[in-house]
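The structure appears below as structure tokens.
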Amino acid sequence: MPISKKFFHDKLILSLLSVNIFLAAICVLIVLLRFGAGGASNDYIVQFRANLGISSFKTGSLGSILSFALFAILVTAINATLSFRVYPIRRQLSLAILSLGGMIMVLTLIVSNAILGLR
């Protein structure tokens, strides 16, 4: 059986891949649905720097907020590709890559939701 068929028939790999794709879709939807909910202002809070004191919130443009959605798509695509290429060498490493990608997606979801909630 070719490696690609083994990869796509592995239930644990497919479930982790599905979770990553689902988390990326949720992240993209949350970013797209929440960035315009605050009104007509073009300034979005994109950074928080605790060491700056009063001016700890940094504002940015719409592109800075949409970069969260792009980041989610890129992380998912890179994790899936890397996992597919590593699978013939080590199945466990492929699982670790997909698991860590899921953790990155959860953290992206938390951070983007927190930043958009400040608005």
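Going by the structure tokens order, chains are called A, B, ..., each with residues numbered from 1, while ligands are numbered from 1 in the order shown.
For segment 73-79 of chain A, the residues within 8 Å (counting only C-alpha atoms, excluding itself and residues fewer than 2 positions away along the chain) are Asn20, Ile21, Ala24, Val28, Ala69, Leu70, Phe71, Thr81, Leu82, Ser83, Ile97, Leu98, Gly101 and Met105 of chain A.
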Got time to write the residues from that selection, N, CA and C atoms, as an mmCIF file, in the first residue's frame?
data_model
loop_
_atom_site.group_PDB
_atom_site.id
_atom_site.type_symbol
_atom_site.label_atom_id
_atom_site.label_comp_id
_atom_site.auth_asym_id
_atom_site.auth_seq_id
_atom_site.Cartn_x
_atom_site.Cartn_y
_atom_site.Cartn_z
ATOM 1 N N ASN A 20 -7.808 20.078 13.327
ATOM 2 C CA ASN A 20 -7.045 21.261 12.911
ATOM 3 C C ASN A 20 -7.818 22.090 11.889
ATOM 4 N N ILE A 21 -8.426 21.434 10.924
ATOM 5 C CA ILE A 21 -9.194 22.154 9.911
ATOM 6 C C ILE A 21 -10.410 22.820 10.538
ATOM 7 N N ALA A 24 -9.249 25.884 12.458
ATOM 8 C CA ALA A 24 -8.896 26.963 11.531
ATOM 9 C C ALA A 24 -10.150 27.631 10.984
ATOM 10 N N VAL A 28 -11.140 31.550 11.546
ATOM 11 C CA VAL A 28 -11.416 32.449 10.419
ATOM 12 C C VAL A 28 -12.813 33.051 10.553
ATOM 13 N N ALA A 69 -6.638 35.505 10.614
ATOM 14 C CA ALA A 69 -7.308 34.499 9.782
ATOM 15 C C ALA A 69 -6.318 33.873 8.805
ATOM 16 N N LEU A 70 -5.473 34.681 8.212
ATOM 17 C CA LEU A 70 -4.460 34.166 7.297
ATOM 18 C C LEU A 70 -3.475 33.256 8.025
ATOM 19 N N PHE A 71 -3.108 33.632 9.242
ATOM 20 C CA PHE A 71 -2.210 32.806 10.046
ATOM 21 C C PHE A 71 -2.825 31.433 10.327
ATOM 22 N N THR A 81 0.878 19.522 5.488
ATOM 23 C CA THR A 81 1.927 19.166 4.532
ATOM 24 C C THR A 81 3.126 18.544 5.228
ATOM 25 N N LEU A 82 3.553 19.142 6.319
ATOM 26 C CA LEU A 82 4.692 18.617 7.057
ATOM 27 C C LEU A 82 4.394 17.233 7.633
ATOM 28 N N SER A 83 3.203 17.059 8.136
ATOM 29 C CA SER A 83 2.811 15.765 8.674
ATOM 30 C C SER A 83 2.766 14.697 7.585
ATOM 31 N N ILE A 97 3.303 16.461 15.231
ATOM 32 C CA ILE A 97 3.176 17.693 14.438
ATOM 33 C C ILE A 97 1.729 18.141 14.385
ATOM 34 N N LEU A 98 0.819 17.211 14.134
ATOM 35 C CA LEU A 98 -0.593 17.571 14.073
ATOM 36 C C LEU A 98 -1.128 17.991 15.439
ATOM 37 N N GLY A 101 0.134 21.454 16.142
ATOM 38 C CA GLY A 101 -0.607 22.377 15.286
ATOM 39 C C GLY A 101 -1.975 22.690 15.865
ATOM 40 N N MET A 105 -3.437 26.320 17.023
ATOM 41 C CA MET A 105 -4.726 26.835 16.570
ATOM 42 C C MET A 105 -5.603 27.266 17.751
#
So which residues of chain A fall under helix (DSSP H, G or I) by DSSP, listed as a PyMOL selection string? chain A and resi 3-9+11-34+50-55+62-86+91-117
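Of the residues in chain A, those given strand (DSSP E or B) by DSSP on the backbone are Tyr44, Ile45, Val46, Gln47, Phe48, Phe57, Lys58, Thr59 and Gly60 of chain A.
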Go ahead and write the residues just picked, C-alpha atoms, as an mmCIF file, in the first residue's frame.
data_model
loop_
_atom_site.group_PDB
_atom_site.id
_atom_site.type_symbol
_atom_site.label_atom_id
_atom_site.label_comp_id
_atom_site.auth_asym_id
_atom_site.auth_seq_id
_atom_site.Cartn_x
_atom_site.Cartn_y
_atom_site.Cartn_z
ATOM 1 C CA TYR A 44 -8.352 48.101 15.927
ATOM 2 C CA ILE A 45 -6.400 47.101 19.007
ATOM 3 C CA VAL A 46 -3.792 44.660 17.720
ATOM 4 C CA GLN A 47 -1.178 44.591 20.504
ATOM 5 C CA PHE A 48 -0.911 44.873 24.262
ATOM 6 C CA PHE A 57 -2.614 49.269 23.724
ATOM 7 C CA LYS A 58 -1.337 49.606 20.160
ATOM 8 C CA THR A 59 -3.774 50.158 17.313
ATOM 9 C CA GLY A 60 -3.557 48.836 13.797
#
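Each of A:Leu95, A:Leu116, A:Leu109, A:Pro88 was checked against Lys6 of chain A using only C-alpha atoms; the smallest atom-to-atom distance is that of A:Pro88.
Near Leu66 of chain A, within 10 Å and counting only C-alpha atoms, sit Val28, Val31, Leu32, Phe35, Ser61, Phe71 and Ser112 of chain A, not including residues fewer than 5 positions from it in the same chain.
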What lies within 8 Å of segment 16-18 of chain A using only C-alpha atoms, ignoring chain neighbours under 4 positions off, as a PDB file with N, CA, C and O atoms, in the first residue's frame?
ATOM      1  N   LEU A  12      -6.376   8.038  13.473  1.00  0.00           N
ATOM      2  CA  LEU A  12      -5.905   9.068  14.386  1.00  0.00           C
ATOM      3  C   LEU A  12      -5.376  10.288  13.625  1.00  0.00           C
ATOM      4  O   LEU A  12      -5.641  11.434  14.013  1.00  0.00           O
ATOM      5  N   PHE A  22     -11.064  22.135  11.460  1.00  0.00           N
ATOM      6  CA  PHE A  22     -12.216  22.711  12.151  1.00  0.00           C
ATOM      7  C   PHE A  22     -11.811  23.936  12.965  1.00  0.00           C
ATOM      8  O   PHE A  22     -12.500  24.968  12.934  1.00  0.00           O
ATOM      9  N   ALA A  80      -0.371  20.213   7.907  1.00  0.00           N
ATOM     10  CA  ALA A  80      -0.839  19.052   7.146  1.00  0.00           C
ATOM     11  C   ALA A  80       0.231  18.584   6.164  1.00  0.00           C
ATOM     12  O   ALA A  80       0.488  17.379   6.044  1.00  0.00           O
ATOM     13  N   LEU A  95       2.090  12.470  14.152  1.00  0.00           N
ATOM     14  CA  LEU A  95       1.050  12.730  15.144  1.00  0.00           C
ATOM     15  C   LEU A  95       1.414  13.912  16.037  1.00  0.00           C
ATOM     16  O   LEU A  95       0.555  14.730  16.378  1.00  0.00           O
ATOM     17  N   LEU A  98       0.819  17.211  14.134  1.00  0.00           N
ATOM     18  CA  LEU A  98      -0.593  17.571  14.073  1.00  0.00           C
ATOM     19  C   LEU A  98      -1.128  17.991  15.439  1.00  0.00           C
ATOM     20  O   LEU A  98      -1.967  18.895  15.532  1.00  0.00           O
ATOM     21  N   SER A  99      -0.657  17.357  16.497  1.00  0.00           N
ATOM     22  CA  SER A  99      -1.101  17.729  17.843  1.00  0.00           C
ATOM     23  C   SER A  99      -0.625  19.125  18.226  1.00  0.00           C
ATOM     24  O   SER A  99      -1.395  19.929  18.771  1.00  0.00           O
ATOM     25  N   GLY A 102      -2.612  21.686  16.468  1.00  0.00           N
ATOM     26  CA  GLY A 102      -3.894  21.928  17.135  1.00  0.00           C
ATOM     27  C   GLY A 102      -3.754  22.865  18.316  1.00  0.00           C
ATOM     28  O   GLY A 102      -4.610  23.721  18.552  1.00  0.00           O
TER      29      GLY A 102
END
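The space between atom CA of Leu62 of chain A and atom CA of Leu23 of chain A spans 21.8 Å.
With distances restricted to only C-alpha atoms, A:Tyr87 is the closest residue to Phe8 of chain A from A:Ala96, A:Asn113, A:Tyr87, A:Leu33.
If you look at atom CA of Gln92 of chain A and atom CA of Ile104 of chain A, they are 18.3 Å away from each other.
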